[in-house]
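Asks: A single structure is presented below for examination.
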Amino acid sequence: MNPLLAAAVFPALALIFYVYKQDRIEKEPWGLLFKLMFWGAVTVIPAALIEAAGDAIIGYFYEAESTQFLLISCFAVIGLAEEGLKYFVFHKKVWNSPEFNYRFDAIVFAVCISLGFAMLENILYVFEGGFQTAVIRAFTAIPAHAINAVFMGYYFGQAKLSQSMGEHQAEIIDKRLALLVPVVLHGFYDFCAMKQTEFFTVVFLIFVVVMDILAVSRIRRSSEHDMRV
C-alpha cells in the first residue's frame, strides 16, 4: 500500500476498530459497517458543494476571514452541512434496521459513517500536504470527527430507547440533540482552528483534549450500561 494512503486511512480505521471492540453484547456485521463507511465517504462530495456555495454567499455580506464570516461558515455551513449529511445517512440507512437493537449500536453506526467521511477527506488532505499533515490530522481532525459521531450516536441511541418506550416527545428531543450537539462541537472546533490566534490556538488544544476524554468516557459508560431498544 502507498505509504501516504496508509497514513491517511489508518487513524480512522483504528478508531472504528476501537469503538467496535467496545460493543460487548452483540457485534454488528462488518458488511453493514463497511456500507456505512462507504455512504459516509460519499457525503464528502455534497458537503464540499454546499460549503463552497455557502461560503460564496456569506462572502457577499462579510469579508473573508472576518470573525462574522468564520462564525457563520463554521457553524451554519460547515458544521451543519457535514453533520447534517451524516445524520441523514444514519436515519436513512440504519434507524429502521433490525440490526439497530441495542442502544450502543448507534454509537458504532455513527462512528462508521463519520469516519468514512473523515477517511476520504483525510486522503485528499494528506496527498496534498504529505506526512506532516497526516500526523497533525491523526491527532486532531480524525478524532474530532469520531467525537462528534459518539455524541450523535449517543443521542440516536437515546431516541431509539425513547421510541421503544412510547415516549414520542423524548424521541423528538433526542433526535434533535443528535444533530445539534455534533454541529455545535464541529463548528466550535473549526472556528478555533481557523482563527489562528495565540488565544484560540490554546482554546483549540484544550478543547481537543477535553473532548477526547469526554468521548472516551461516554463510549465506556454507554458500553457498560448498554440495553436492548
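The chains in the C-alpha cells are called A, B, ... from first to last as shown; in each chain the residues are counted from 1, and the ligands are counted from 1 in the order shown.
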So that I can check the surroundings of range 9-17 of chain A, please list as number ranges by chain every protein, DNA and RNA residue that reaches within 9 Å of it, counting only C-alpha atoms and ignoring chain neighbours fewer than 4 positions away.

Replies: A: 4-5, 21-22, 108, 111-112, 115-116, 118-120, 122-123, 137-139, 142-143, 146

Asks: When you look at Phe188 in chain A with a cut-off of 10 Å (counting only C-alpha atoms), what residues show up, excluding the ones that are within fewer than 3 positions of it in the same chain? I need them as a list in words.

Replies: Leu71, Cys74, Phe75, Gly79, Pro182, Val183, Val184, Leu185, Phe191, Cys192, Ala193, Met194, Phe204 and Phe207 of chain A

Asks: Take the residues from that selection and put them in a file with all heavy atoms, as a compact mmCIF listing (two decimals), in the first residue's frame.

Replies:
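So again.txt came out as:
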# COMPACT_ATOMS: atom_id res chain seq x y z
N LEU A 71 -17.66 32.62 11.90
CA LEU A 71 -18.72 32.10 12.76
C LEU A 71 -19.84 31.46 11.94
O LEU A 71 -20.26 30.33 12.21
CB LEU A 71 -19.29 33.21 13.64
CG LEU A 71 -18.51 33.56 14.91
CD1 LEU A 71 -19.08 34.82 15.56
CD2 LEU A 71 -18.55 32.39 15.90
N CYS A 74 -18.40 28.32 9.93
CA CYS A 74 -18.06 27.14 10.73
C CYS A 74 -19.30 26.46 11.30
O CYS A 74 -19.39 25.23 11.30
CB CYS A 74 -17.11 27.53 11.86
SG CYS A 74 -15.47 27.99 11.28
N PHE A 75 -20.24 27.25 11.81
CA PHE A 75 -21.41 26.66 12.46
C PHE A 75 -22.55 26.37 11.49
O PHE A 75 -23.09 25.25 11.47
CB PHE A 75 -21.90 27.58 13.59
CG PHE A 75 -21.02 27.58 14.80
CD1 PHE A 75 -20.00 28.51 14.93
CD2 PHE A 75 -21.20 26.66 15.82
CE1 PHE A 75 -19.17 28.52 16.04
CE2 PHE A 75 -20.39 26.65 16.94
CZ PHE A 75 -19.37 27.59 17.04
N GLY A 79 -20.28 23.00 9.74
CA GLY A 79 -20.80 22.09 10.77
C GLY A 79 -22.14 21.50 10.41
O GLY A 79 -22.35 20.29 10.53
N PRO A 182 -23.49 17.61 17.72
CA PRO A 182 -22.35 17.50 16.80
C PRO A 182 -22.10 18.76 15.98
O PRO A 182 -20.95 19.10 15.71
CB PRO A 182 -22.73 16.32 15.89
CG PRO A 182 -23.66 15.51 16.70
CD PRO A 182 -24.45 16.50 17.51
N VAL A 183 -23.17 19.44 15.56
CA VAL A 183 -23.00 20.67 14.78
C VAL A 183 -22.26 21.72 15.61
O VAL A 183 -21.33 22.38 15.12
CB VAL A 183 -24.36 21.22 14.30
CG1 VAL A 183 -24.21 22.65 13.77
CG2 VAL A 183 -24.94 20.33 13.22
N VAL A 184 -22.66 21.89 16.87
CA VAL A 184 -22.01 22.87 17.74
C VAL A 184 -20.56 22.50 18.00
O VAL A 184 -19.66 23.35 17.92
CB VAL A 184 -22.78 23.01 19.07
CG1 VAL A 184 -22.00 23.87 20.06
CG2 VAL A 184 -24.16 23.62 18.83
N LEU A 185 -20.30 21.23 18.29
CA LEU A 185 -18.92 20.78 18.53
C LEU A 185 -18.06 20.97 17.28
O LEU A 185 -16.92 21.44 17.37
CB LEU A 185 -18.91 19.31 18.96
CG LEU A 185 -19.54 18.98 20.31
CD1 LEU A 185 -19.52 17.46 20.55
CD2 LEU A 185 -18.84 19.71 21.43
N PHE A 191 -13.96 26.78 14.13
CA PHE A 191 -13.78 28.21 14.38
C PHE A 191 -12.46 28.47 15.10
O PHE A 191 -11.70 29.36 14.72
CB PHE A 191 -14.95 28.75 15.21
CG PHE A 191 -14.83 30.21 15.54
CD1 PHE A 191 -15.07 31.18 14.58
CD2 PHE A 191 -14.47 30.62 16.81
CE1 PHE A 191 -14.95 32.53 14.87
CE2 PHE A 191 -14.34 31.96 17.13
CZ PHE A 191 -14.59 32.93 16.15
N CYS A 192 -12.18 27.69 16.14
CA CYS A 192 -10.93 27.87 16.89
C CYS A 192 -9.72 27.59 16.00
O CYS A 192 -8.70 28.29 16.07
CB CYS A 192 -10.91 26.95 18.11
SG CYS A 192 -12.08 27.40 19.40
N ALA A 193 -9.83 26.56 15.15
CA ALA A 193 -8.71 26.21 14.27
C ALA A 193 -8.47 27.29 13.22
O ALA A 193 -7.32 27.57 12.86
CB ALA A 193 -9.00 24.87 13.60
N MET A 194 -9.54 27.90 12.73
CA MET A 194 -9.40 28.87 11.64
C MET A 194 -9.04 30.28 12.11
O MET A 194 -8.53 31.07 11.33
CB MET A 194 -10.71 28.92 10.83
CG MET A 194 -10.99 27.67 10.04
SD MET A 194 -12.52 27.80 9.07
CE MET A 194 -12.64 26.16 8.37
N PHE A 204 -8.24 25.86 21.35
CA PHE A 204 -8.38 24.70 20.46
C PHE A 204 -7.73 23.46 21.07
O PHE A 204 -8.34 22.39 21.12
CB PHE A 204 -7.72 25.02 19.11
CG PHE A 204 -7.65 23.86 18.16
CD1 PHE A 204 -8.75 23.49 17.42
CD2 PHE A 204 -6.47 23.13 18.01
CE1 PHE A 204 -8.69 22.42 16.53
CE2 PHE A 204 -6.39 22.07 17.14
CZ PHE A 204 -7.51 21.70 16.40
N PHE A 207 -9.66 22.28 24.07
CA PHE A 207 -10.93 21.70 23.61
C PHE A 207 -10.73 20.29 23.08
O PHE A 207 -11.50 19.37 23.41
CB PHE A 207 -11.52 22.59 22.51
CG PHE A 207 -12.80 22.07 21.91
CD1 PHE A 207 -13.98 22.13 22.61
CD2 PHE A 207 -12.80 21.54 20.63
CE1 PHE A 207 -15.16 21.65 22.06
CE2 PHE A 207 -13.98 21.06 20.06
CZ PHE A 207 -15.17 21.12 20.77

Asks: Excluding Glu224 in chain A and residues on its chain fewer than 6 positions from it, collect all residues at most 12 Å away from it, counting only C-alpha atoms, and give them as a ChimeraX atom specification.

Replies: /A:22-25,103-104,217-218

Asks: Could you pull the residues within 8 Å of Phe38 in chain A, counting only C-alpha atoms, minus those fewer than 4 positions along the same chain, as a VMD selection string?

Replies: chain A and resid 34 42 113 116

Asks: Restricting it to N, CA and C atoms, dump the selection as a compact mmCIF listing (two decimals), in the first residue's frame.

Replies:
# COMPACT_ATOMS: atom_id res chain seq x y z
N PHE A 34 -19.13 -1.57 6.73
CA PHE A 34 -18.43 -1.09 5.54
C PHE A 34 -19.36 -0.27 4.64
N VAL A 42 -19.24 9.02 0.74
CA VAL A 42 -19.98 9.64 -0.37
C VAL A 42 -20.43 11.05 -0.02
N ILE A 113 -20.04 5.91 9.96
CA ILE A 113 -20.44 6.90 8.97
C ILE A 113 -19.49 8.10 8.99
N GLY A 116 -15.96 7.23 7.86
CA GLY A 116 -15.93 7.02 6.42
C GLY A 116 -15.74 8.35 5.72

Asks: Env of Asn101 in chain A: 9 Å cut, atoms = only C-alpha atoms, seq-sep filter 2 positions within chain, self excluded. Answer as a VMD selection string.

Replies: chain A and resid 97 to 99 103 to 105 160 227 to 229

Asks: Find the spatial neighbours of Val181 in chain A, counting only C-alpha atoms, within a cut-off of 12 Å - ignore same-chain residues fewer than 3 positions away - and output them as a list in words.

Replies: Phe75, Gly79, Leu80, Glu83, Gly84, Tyr87, Ile147, Asn148, Ala149, Val150, Phe151, Met152, Gly153, Tyr154, Tyr155, Phe156, Ile173, Asp174, Lys175, Arg176, Leu177, Ala178, Val184, Leu185, His186, Gly187 and Phe188 of chain A

Asks: Please provide the set of residues having any atom within 12 Å of Leu49 in chain A, restricted to only C-alpha atoms, with same-chain residues fewer than 6 positions apart removed, written as an MDAnalysis selection string.

Replies: chainID A and resid 43 55:56 77:78 81:82

Asks: DSSP on the backbone: which residues in range 81-122 of chain A end up as alpha helix (DSSP H)? Give the answer as a count of residues only.

Replies: 31

Asks: Taking only C-alpha atoms into account, name the residue in A:Ala8, A:Ala47, A:His91, A:Phe131 that is nearest to Leu179 in chain A.

Replies: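 That would be A:His91, the residue with the smallest distance to Leu179 in chain A.
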
Asks: Report, in Å with one decimal, the straight-line distance from CA of Ser162 in chain A to CA of Ser222 in chain A.

Replies: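 Separation between CA of Ser162 in chain A and CA of Ser222 in chain A: 15.6 Å.
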